[in-house]
file query.csv (CSV, C-alpha atoms)
chain,number,residue,atom,x,y,z
A,124,MET,CA,126.9,-81.9,-1.4
A,125,GLU,CA,128.5,-83.5,-4.3
A,126,GLY,CA,129.8,-87.0,-4.4
A,127,ASN,CA,129.2,-90.5,-5.6
A,128,LEU,CA,126.8,-93.1,-4.1
A,129,ASN,CA,129.4,-95.7,-5.0
A,130,MET,CA,131.6,-94.5,-2.1
A,131,VAL,CA,128.7,-95.2,0.4
A,132,GLY,CA,128.4,-98.7,-1.1
A,133,TYR,CA,132.1,-99.2,-0.8
A,134,GLY,CA,131.9,-98.2,2.8
A,135,LEU,CA,129.3,-100.8,3.4
A,136,ALA,CA,131.3,-103.4,1.5
A,137,ALA,CA,134.4,-102.7,3.6
A,138,ILE,CA,132.6,-104.0,6.7
A,139,GLY,CA,133.0,-107.6,5.7
A,140,PRO,CA,136.8,-107.6,5.1
A,141,GLY,CA,137.1,-105.4,8.2
A,142,ILE,CA,135.5,-108.1,10.4
A,143,GLY,CA,137.5,-110.8,8.6
A,144,ILE,CA,140.8,-109.1,9.2
A,145,GLY,CA,139.9,-108.4,12.8
A,146,LEU,CA,139.2,-112.1,13.3
A,147,ILE,CA,142.5,-113.1,11.8
A,148,PHE,CA,144.5,-110.8,14.0
A,149,ALA,CA,142.5,-111.7,17.1
A,150,ALA,CA,143.4,-115.3,16.5
A,151,TYR,CA,147.0,-114.4,15.9
A,152,ILE,CA,147.2,-112.4,19.1
A,153,SER,CA,145.6,-115.1,21.2
A,154,GLY,CA,147.9,-117.6,19.6
A,155,VAL,CA,151.0,-115.6,20.5
A,156,ALA,CA,149.7,-115.0,24.0
A,157,ARG,CA,149.3,-118.7,24.6
A,158,GLN,CA,152.5,-119.7,22.9
A,159,PRO,CA,155.0,-116.8,22.6
A,160,GLU,CA,157.6,-119.0,21.0
A,161,ALA,CA,155.3,-119.7,18.0
A,162,ARG,CA,155.3,-116.0,17.1
A,163,SER,CA,157.6,-116.2,14.0
A,164,VAL,CA,155.6,-119.1,12.5
A,165,LEU,CA,152.2,-117.4,13.2
A,166,GLN,CA,153.3,-114.1,11.8
A,167,GLY,CA,153.7,-115.3,8.3
A,168,ILE,CA,150.4,-117.1,8.3
A,169,ALA,CA,148.6,-114.1,9.8
A,170,ILE,CA,150.0,-111.8,7.2
A,171,LEU,CA,149.0,-114.2,4.4
A,172,GLY,CA,145.5,-114.5,5.8
A,173,PHE,CA,145.3,-110.7,6.1
A,174,ALA,CA,146.4,-110.3,2.5
A,175,LEU,CA,143.8,-112.7,1.2
A,176,ALA,CA,141.0,-111.2,3.2
A,177,GLU,CA,142.0,-107.7,2.3
A,178,ALA,CA,141.8,-108.5,-1.4
A,179,LEU,CA,138.0,-108.2,-1.1
A,180,ALA,CA,138.2,-104.7,0.3
A,181,VAL,CA,140.7,-103.8,-2.4
A,182,ILE,CA,138.7,-105.1,-5.3
A,183,GLY,CA,135.8,-103.2,-3.8
A,184,ILE,CA,137.6,-99.8,-3.9
A,185,GLY,CA,138.7,-100.6,-7.5
A,186,LEU,CA,135.1,-101.2,-8.5
A,187,ALA,CA,133.8,-98.2,-6.6
A,188,PHE,CA,136.0,-96.0,-8.8
A,189,ALA,CA,135.6,-98.0,-12.0
A,190,LEU,CA,131.8,-98.4,-12.1
B,171,MET,CA,131.5,-73.0,3.6
B,172,LEU,CA,131.0,-70.7,6.6
B,173,ALA,CA,133.5,-68.0,5.8
B,174,ALA,CA,132.8,-65.5,3.0
B,175,GLU,CA,136.4,-65.4,1.9
B,176,ALA,CA,136.2,-69.0,0.7
B,177,SER,CA,137.1,-68.0,-2.8
B,178,GLU,CA,136.8,-71.3,-4.6
B,179,GLU,CA,135.2,-74.6,-3.8
B,180,PHE,CA,137.3,-77.4,-2.5
B,181,HIS,CA,137.8,-80.2,-5.0
B,182,ALA,CA,138.2,-83.5,-3.4
B,183,PRO,CA,141.2,-85.5,-4.8
B,184,GLY,CA,140.2,-88.3,-7.1
B,185,PRO,CA,141.6,-90.6,-9.8
B,186,ALA,CA,142.4,-87.5,-11.9
B,187,ASP,CA,145.3,-86.8,-9.5
B,188,PHE,CA,147.0,-89.9,-10.7
B,189,GLU,CA,147.4,-88.6,-14.2
B,190,PHE,CA,150.6,-86.7,-14.8
B,191,PRO,CA,151.4,-84.5,-17.8
B,192,PRO,CA,154.6,-85.3,-19.6
B,193,ILE,CA,157.7,-83.4,-18.5
B,194,ILE,CA,159.5,-83.7,-21.8
B,195,GLY,CA,158.0,-85.4,-24.9
B,196,GLY,CA,155.9,-88.2,-23.3
B,197,PHE,CA,158.3,-88.7,-20.4
B,198,SER,CA,156.2,-88.2,-17.2
B,199,LYS,CA,156.9,-88.2,-13.5
B,200,PRO,CA,156.0,-91.8,-12.9
B,201,MET,CA,158.4,-92.9,-15.6
B,202,LEU,CA,161.1,-90.8,-14.0
B,203,ILE,CA,160.4,-92.4,-10.6
B,204,ILE,CA,160.6,-95.9,-12.2
B,205,LEU,CA,163.9,-95.0,-13.8
B,206,LEU,CA,165.3,-93.7,-10.6
B,207,GLY,CA,164.0,-96.7,-8.7
B,208,THR,CA,165.6,-99.2,-11.1
B,209,LEU,CA,168.9,-97.3,-10.9
B,210,ALA,CA,168.7,-97.2,-7.1
B,211,VAL,CA,168.1,-101.0,-6.8
B,212,GLY,CA,170.7,-101.9,-9.4
B,213,LEU,CA,173.4,-99.6,-8.1
B,214,PHE,CA,172.8,-100.7,-4.5
B,215,PHE,CA,173.3,-104.3,-5.2
B,216,TYR,CA,176.1,-103.6,-7.7
B,217,PHE,CA,178.1,-101.6,-5.2
B,218,ALA,CA,177.2,-103.9,-2.3
B,219,VAL,CA,178.8,-107.0,-4.0
B,220,ARG,CA,181.4,-105.3,-6.2
B,221,ARG,CA,184.2,-105.9,-3.6
B,222,ALA,CA,182.6,-108.6,-1.6
B,223,GLY,CA,184.9,-109.8,1.2
B,224,ILE,CA,184.8,-112.3,4.0
B,225,VAL,CA,184.5,-109.4,6.4
B,226,PRO,CA,181.6,-107.5,4.9
B,227,GLY,CA,181.5,-103.7,4.7
B,228,LYS,CA,178.5,-101.6,5.7
B,229,LEU,CA,176.8,-101.8,2.3
B,230,GLN,CA,177.6,-105.5,1.8
B,231,PHE,CA,176.2,-106.2,5.3
B,232,ALA,CA,173.0,-104.4,4.4
B,233,ALA,CA,172.6,-106.3,1.1
B,234,GLU,CA,173.4,-109.6,2.8
B,235,GLY,CA,170.9,-108.9,5.6
B,236,PHE,CA,168.2,-108.1,3.0
B,237,TYR,CA,169.0,-111.2,0.9
B,238,GLY,CA,169.1,-113.3,4.0
B,239,PHE,CA,165.7,-112.1,5.1
B,240,VAL,CA,164.2,-113.0,1.7
B,241,ARG,CA,165.9,-116.4,1.8
B,242,ASN,CA,165.1,-117.4,5.4
B,243,SER,CA,161.7,-115.8,6.0
B,244,ILE,CA,160.1,-115.8,2.6
B,245,ALA,CA,161.6,-118.5,0.4
B,246,ALA,CA,162.4,-121.1,3.1
B,247,ASP,CA,159.0,-120.7,4.8
B,248,ALA,CA,156.8,-120.6,1.7
B,249,ILE,CA,158.6,-122.8,-0.7
B,250,GLY,CA,160.9,-125.0,1.4
B,251,ARG,CA,164.3,-126.4,0.7
B,252,GLU,CA,164.0,-125.9,-3.0
B,253,GLY,CA,163.2,-122.2,-2.5
B,254,ILE,CA,166.8,-121.2,-2.6
B,255,LYS,CA,166.7,-121.3,-6.4
B,256,TYR,CA,164.0,-118.6,-6.5
B,257,VAL,CA,165.6,-116.2,-4.0
B,258,PRO,CA,167.3,-114.0,-6.7
B,259,TYR,CA,163.9,-113.3,-8.3
B,260,LEU,CA,162.1,-112.8,-5.0
B,261,ALA,CA,164.8,-110.5,-3.6
B,262,THR,CA,164.8,-108.4,-6.8
B,263,LEU,CA,161.1,-108.2,-6.7
B,264,LEU,CA,161.0,-107.2,-3.0
B,265,ALA,CA,163.7,-104.5,-3.5
B,266,PHE,CA,162.1,-103.1,-6.6
B,267,LEU,CA,158.6,-103.0,-5.0
B,268,ILE,CA,159.9,-101.4,-1.8
B,269,VAL,CA,161.6,-98.6,-3.8
B,270,LEU,CA,158.6,-98.0,-6.0
B,271,ASN,CA,156.1,-98.1,-3.1
B,272,VAL,CA,158.1,-96.0,-0.7
B,273,SER,CA,158.5,-93.3,-3.4
B,274,GLY,CA,155.0,-92.4,-2.3
B,275,ILE,CA,156.4,-90.7,0.9
B,276,ILE,CA,159.8,-89.6,-0.3
B,277,PRO,CA,159.8,-85.8,-0.5
B,278,PHE,CA,159.6,-84.4,-4.0
B,279,LEU,CA,158.8,-87.8,-5.6
B,280,GLN,CA,155.7,-88.3,-3.5
B,281,PHE,CA,153.9,-90.6,-5.8
B,282,PRO,CA,153.7,-94.4,-5.4
B,283,VAL,CA,154.3,-95.6,-8.9
B,284,THR,CA,152.7,-98.9,-8.1
B,285,SER,CA,149.4,-97.2,-7.9
B,286,ARG,CA,149.4,-97.1,-11.7
B,287,ILE,CA,148.1,-100.6,-12.6
B,288,ALA,CA,150.6,-101.4,-15.4
B,289,ILE,CA,153.6,-102.0,-13.0
B,290,PRO,CA,151.9,-104.4,-10.6
B,291,LEU,CA,150.2,-106.1,-13.5
B,292,PHE,CA,153.5,-106.7,-15.3
B,293,LEU,CA,155.2,-108.0,-12.1
B,294,ALA,CA,152.2,-110.3,-11.4
B,295,LEU,CA,152.4,-111.7,-14.9
B,296,ILE,CA,156.0,-112.5,-14.4
B,297,THR,CA,155.1,-114.4,-11.3
B,298,TRP,CA,152.2,-116.1,-13.1
B,299,VAL,CA,154.5,-117.3,-15.9
B,300,ILE,CA,157.1,-118.5,-13.3
B,301,TYR,CA,154.7,-120.6,-11.2
B,302,ASN,CA,152.9,-122.1,-14.1
B,303,TYR,CA,156.2,-122.9,-15.8
B,304,VAL,CA,157.7,-124.6,-12.8
B,305,GLY,CA,154.5,-126.4,-12.1
B,306,ILE,CA,154.3,-127.8,-15.6
B,307,LYS,CA,158.0,-128.6,-15.7
B,308,ARG,CA,157.8,-130.4,-12.3
B,309,GLN,CA,154.6,-132.4,-12.7
B,310,GLY,CA,154.1,-132.5,-16.5
B,311,PHE,CA,151.4,-130.6,-18.3
B,312,GLY,CA,148.7,-133.2,-17.5
B,313,GLY,CA,149.9,-133.8,-14.0
B,314,TYR,CA,150.0,-130.2,-13.2
B,315,PHE,CA,146.4,-129.6,-14.2
B,316,LYS,CA,145.2,-132.9,-12.7
B,317,ASN,CA,146.7,-132.1,-9.4
B,318,MET,CA,145.3,-128.6,-9.6
B,319,LEU,CA,141.8,-129.5,-10.6
B,320,PHE,CA,141.3,-132.9,-8.9
B,321,PRO,CA,143.3,-132.9,-5.7
B,322,SER,CA,143.3,-136.2,-3.9
B,323,GLY,CA,141.5,-136.7,-0.6
B,324,VAL,CA,138.3,-135.0,-1.9
B,325,PRO,CA,135.0,-136.9,-2.4
B,326,VAL,CA,134.4,-137.5,-6.1
B,327,ALA,CA,131.0,-135.8,-5.9
B,328,VAL,CA,132.6,-132.5,-5.1
B,329,TYR,CA,134.8,-132.5,-8.2
B,330,PRO,CA,132.3,-130.8,-10.6
B,331,LEU,CA,132.1,-127.9,-8.1
B,332,LEU,CA,135.7,-127.9,-7.1
B,333,ALA,CA,137.4,-128.1,-10.5
B,334,PRO,CA,136.1,-124.9,-12.1
B,335,ILE,CA,136.7,-123.0,-8.8
B,336,GLU,CA,140.3,-124.3,-8.6
B,337,PHE,CA,141.0,-123.5,-12.2
B,338,LEU,CA,139.6,-120.0,-12.1
B,339,SER,CA,141.4,-119.3,-8.8
B,340,THR,CA,144.8,-120.6,-9.9
B,341,VAL,CA,144.9,-119.5,-13.5
B,342,VAL,CA,142.7,-116.3,-13.6
B,343,PHE,CA,142.2,-114.8,-10.2
B,344,ARG,CA,145.7,-115.1,-8.7
B,345,PRO,CA,147.4,-112.6,-11.0
B,346,ILE,CA,144.4,-110.3,-10.9
B,347,THR,CA,144.2,-110.2,-7.1
B,348,LEU,CA,148.0,-109.9,-6.9
B,349,THR,CA,147.8,-106.8,-9.1
B,350,LEU,CA,144.7,-105.2,-7.6
B,351,ARG,CA,145.8,-105.7,-4.0
B,352,LEU,CA,149.0,-103.7,-4.6
B,353,THR,CA,147.6,-101.2,-6.9
B,354,PHE,CA,144.6,-100.2,-4.9
B,355,ASN,CA,146.4,-100.2,-1.5
B,356,MET,CA,148.8,-97.7,-3.0
B,357,PHE,CA,146.0,-95.8,-4.7
B,358,ALA,CA,143.9,-95.6,-1.6
B,359,GLY,CA,146.8,-94.6,0.6
B,360,HIS,CA,147.9,-91.9,-1.7
B,361,LEU,CA,144.3,-90.6,-1.9
B,362,VAL,CA,144.1,-90.4,1.9
B,363,LEU,CA,147.4,-88.5,2.1
B,364,LEU,CA,146.1,-86.1,-0.7
B,365,LEU,CA,142.9,-85.6,1.1
B,366,CYS,CA,144.5,-84.9,4.5
B,367,ILE,CA,147.1,-82.5,3.1
B,368,LEU,CA,145.1,-80.7,0.4
B,369,GLY,CA,142.1,-80.5,2.8
B,370,GLY,CA,144.2,-79.1,5.6
B,371,GLU,CA,145.8,-76.6,3.3
B,372,PHE,CA,142.4,-75.5,2.0
B,373,LEU,CA,141.0,-75.1,5.5
B,374,LEU,CA,144.0,-73.1,6.8
B,375,LEU,CA,144.5,-70.8,3.8
B,376,HIS,CA,141.0,-70.4,2.3
B,377,VAL,CA,138.4,-71.1,5.0
B,378,GLN,CA,140.3,-69.6,8.0
B,379,GLY,CA,138.3,-68.6,11.1
B,380,VAL,CA,138.3,-70.7,14.2
B,381,ILE,CA,136.9,-73.7,12.5
B,382,GLY,CA,139.3,-73.5,9.6
B,383,PHE,CA,142.4,-73.2,11.8
B,384,ALA,CA,141.3,-75.9,14.2
B,385,ALA,CA,140.1,-78.4,11.6
B,386,GLY,CA,143.0,-77.6,9.2
B,387,GLY,CA,145.6,-78.1,11.9
B,388,VAL,CA,144.1,-81.4,12.9
B,389,ALA,CA,143.9,-82.5,9.3
B,390,LEU,CA,147.6,-81.6,8.6
B,391,LEU,CA,148.7,-83.4,11.8
B,392,PHE,CA,146.7,-86.4,10.8
B,393,GLY,CA,148.3,-86.2,7.4
B,394,ILE,CA,151.7,-86.5,9.1
B,395,VAL,CA,150.6,-89.5,11.1
B,396,MET,CA,149.1,-91.1,8.0
B,397,THR,CA,152.4,-90.6,6.2
B,398,PHE,CA,154.2,-92.8,8.6
B,399,PHE,CA,151.3,-95.3,8.6
B,400,GLU,CA,151.5,-95.3,4.8
B,401,GLY,CA,155.2,-96.0,4.9
B,402,PHE,CA,154.4,-99.1,7.0
B,403,ILE,CA,151.7,-100.2,4.6
B,404,GLN,CA,154.0,-99.7,1.6
B,405,LEU,CA,156.6,-102.0,3.2
B,406,LEU,CA,154.0,-104.5,4.2
B,407,GLN,CA,152.4,-104.7,0.7
B,408,ALA,CA,155.8,-105.1,-0.9
B,409,TYR,CA,156.4,-108.0,1.5
B,410,VAL,CA,152.9,-109.4,0.9
B,411,PHE,CA,153.4,-109.4,-2.9
B,412,THR,CA,156.7,-111.2,-2.6
B,413,LEU,CA,155.3,-113.7,0.0
B,414,LEU,CA,152.3,-114.5,-2.2
B,415,SER,CA,154.6,-115.0,-5.2
B,416,ALA,CA,156.7,-117.4,-3.2
B,417,VAL,CA,153.6,-119.2,-1.9
B,418,TYR,CA,152.3,-119.7,-5.5
B,419,ILE,CA,155.7,-121.0,-6.7
B,420,GLY,CA,155.8,-123.3,-3.7
B,421,GLY,CA,152.2,-124.5,-4.4
B,422,ALA,CA,153.1,-125.3,-8.0
B,423,LEU,CA,156.2,-127.3,-6.9
B,424,THR,CA,154.5,-129.6,-4.4
B,425,HIS,CA,151.4,-131.4,-5.5
B,426,GLU,CA,150.4,-132.6,-2.0
B,427,HIS,CA,149.2,-130.0,0.4

call {"tool": "encode", "arguments": {"input": "query.csv", "output": "structure tokens"}}
result
Amino acid sequence: MEGNLNMVGYGLAAIGPGIGIGLIFAAYISGVARQPEARSVLQGIAILGFALAEALAVIGIGLAFAL
Amino acid sequence: MLAAEASEEFHAPGPADFEFPPIIGGFSKPMLIILLGTLAVGLFFYFAVRRAGIVPGKLQFAAEGFYGFVRNSIAADAIGREGIKYVPYLATLLAFLIVLNVSGIIPFLQFPVTSRIAIPLFLALITWVIYNYVGIKRQGFGGYFKNMLFPSGVPVAVYPLLAPIEFLSTVVFRPITLTLRLTFNMFAGHLVLLLCILGGEFLLLHVQGVIGFAAGGVALLFGIVMTFFEGFIQLLQAYVFTLLSAVYIGGALTHEH
């Protein structure tokens, strides 16, 4: 087995953003289910929240390769 | 390795696969893709509006649809009524990013150039200059930083904590996260595709046996599925980069949230 322990660390670090993104889309789905006409408004907000939460995971993979 | 005919070890793809040797005299494949992408975007918009008519042709219709999408669902939503001034920048940014990202799944190109950090970094710096410039121009140098560091409606006791965070987040971390988000999404996506396809190829051709054919076939099929998923991610990330640029410009223009 060859490999880098950094990747295991990155896998653990990705749990946090994973949960965060899940919560964001869960809220988006239940929002659309309650009020289907608000879909277009909610979509932009959901994608914005997704992008901000995902930044953590993305910085993590950058550091996993860089360090 | 179970099979004896596994002649060489499998080398997992890594950051080294993102380095390309020059084709001719320092001109490498990513540069070629950037050149082609710039030409594609420029020629598309040039030919779309060259003979613009009241009844649009096919190309003009496509370009107007694209421009209308940027104006209505990015600029108008994130900036507001003033957003119309920034639509040319945002539309160019989105078109350029889509072409450079999607080059990752176009046959023969097959490399998302935005996974090299220089391109997203430079685009993020352009956005950084624009939103700071319009913020300072609109609110004045002092006003811009006062509204950024000491927003109204916050207890005074929180300011010592809030001001450094706001300063770092607006001036330092926004361009960095904008860059890293795009770069490493493309980087990770390309890595997954390389792993599926190179791994599948290795299992089929070098490991063989029941395990090799079964696992290799599954890996290659998964590689095809991931290619489509990657296409979706590439479009989404181009949209996210443009949307965040618009949000930052909008935030600099209005000092009340």

call {"tool": "atom_distance", "arguments": {"input": "query.csv", "atom1": "CA of Thr340 in chain B", "atom2": "CA of Val328 in chain B"}}
result
17.7 Å

call {"tool": "interface_residues", "arguments": {"input": "query.csv", "of": "chain A", "to": "chain B", "cutoff": "7 Å", "atoms": "only C-alpha atoms", "output": "list of chain:residue names"}}
result
A:Ala174, A:Ala178, A:Val181, A:Ile182, A:Gly185

call {"tool": "atom_distance", "arguments": {"input": "query.csv", "atom1": "CA of Gly387 in chain B", "atom2": "CA of Leu364 in chain B"}}
result
14.9 Å

call {"tool": "atom_distance", "arguments": {"input": "query.csv", "atom1": "CA of Cys366 in chain B", "atom2": "CA of Gly386 in chain B"}}
result
8.8 Å

call {"tool": "residues_around", "arguments": {"input": "query.csv", "residues": "range 126-136 of chain A", "least_positions_apart": "2", "cutoff": "8 Å", "atoms": "all atoms listed in the file", "output": "PyMOL selection string"}}
result
chain A and resi 124+138-140+180+183-184+187-188+190

call {"tool": "residues_near_point", "arguments": {"input": "query.csv", "point": "(150.1, -132.4, -10.6)", "cutoff": "12 Å", "atoms": "all atoms listed in the file", "output": "count of residues only"}}
result
27

call {"tool": "residues_around", "arguments": {"input": "query.csv", "residues": "range 393-402 of chain B", "least_positions_apart": "6", "cutoff": "12 Å", "atoms": "all atoms listed in the file", "output": "ChimeraX atom specification"}}
result
/B:268-277,280-282,355-371,386-387,408-409

call {"tool": "residues_around", "arguments": {"input": "query.csv", "residues": "Ile147 in chain A", "least_positions_apart": "3", "cutoff": "7 Å", "atoms": "all atoms listed in the file", "output": "PyMOL selection string"}}
result
chain A and resi 143-144+150-151+169+172-173

call {"tool": "write_last_selection", "arguments": {"input": "query.csv", "atoms": "C-alpha atoms", "output": "tab-separated table (two decimals), in the frame of the given file"}}
result
chain	number	residue	atom	x	y	z
A	143	GLY	CA	137.50	-110.80	8.60
A	144	ILE	CA	140.80	-109.10	9.20
A	150	ALA	CA	143.40	-115.30	16.50
A	151	TYR	CA	147.00	-114.40	15.90
A	169	ALA	CA	148.60	-114.10	9.80
A	172	GLY	CA	145.50	-114.50	5.80
A	173	PHE	CA	145.30	-110.70	6.10

call {"tool": "closest_residue", "arguments": {"input": "query.csv", "among": "B:Ala416, B:Val342, B:Ile289, B:Leu263", "to": "Gly212 in chain B", "atoms": "all atoms listed in the file"}}
result
B:Leu263

call {"tool": "residues_around", "arguments": {"input": "query.csv", "residues": "Tyr256 in chain B", "least_positions_apart": "2", "cutoff": "9 Å", "atoms": "only C-alpha atoms", "output": "list in words"}}
result
Arg241, Ala245, Ile249, Glu252, Gly253, Ile254, Pro258, Tyr259, Leu260, Ala261, Ala416 and Ile419 of chain B

call {"tool": "decode", "arguments": {"input": "query.csv", "residues": "range 375-395 of chain B", "atoms": "C-alpha atoms", "output": "tab-separated table (two decimals), in the first residue's frame"}}
result
chain	number	residue	atom	x	y	z
B	375	LEU	CA	-5.65	-4.72	-20.11
B	376	HIS	CA	-3.10	-5.58	-17.43
B	377	VAL	CA	-4.85	-7.38	-14.56
B	378	GLN	CA	-7.45	-9.32	-16.59
B	379	GLY	CA	-9.03	-12.42	-15.07
B	380	VAL	CA	-12.59	-12.35	-13.74
B	381	ILE	CA	-11.86	-9.62	-11.23
B	382	GLY	CA	-10.05	-7.45	-13.75
B	383	PHE	CA	-12.81	-7.62	-16.37
B	384	ALA	CA	-15.66	-7.15	-13.88
B	385	ALA	CA	-14.05	-4.32	-11.92
B	386	GLY	CA	-12.54	-2.72	-15.02
B	387	GLY	CA	-15.87	-2.71	-16.83
B	388	VAL	CA	-17.61	-1.17	-13.83
B	389	ALA	CA	-14.84	1.43	-13.50
B	390	LEU	CA	-15.10	2.44	-17.16
B	391	LEU	CA	-18.91	2.65	-17.00
B	392	PHE	CA	-18.60	4.75	-13.88
B	393	GLY	CA	-16.11	6.91	-15.75
B	394	ILE	CA	-18.74	7.59	-18.43
B	395	VAL	CA	-21.33	8.47	-15.77
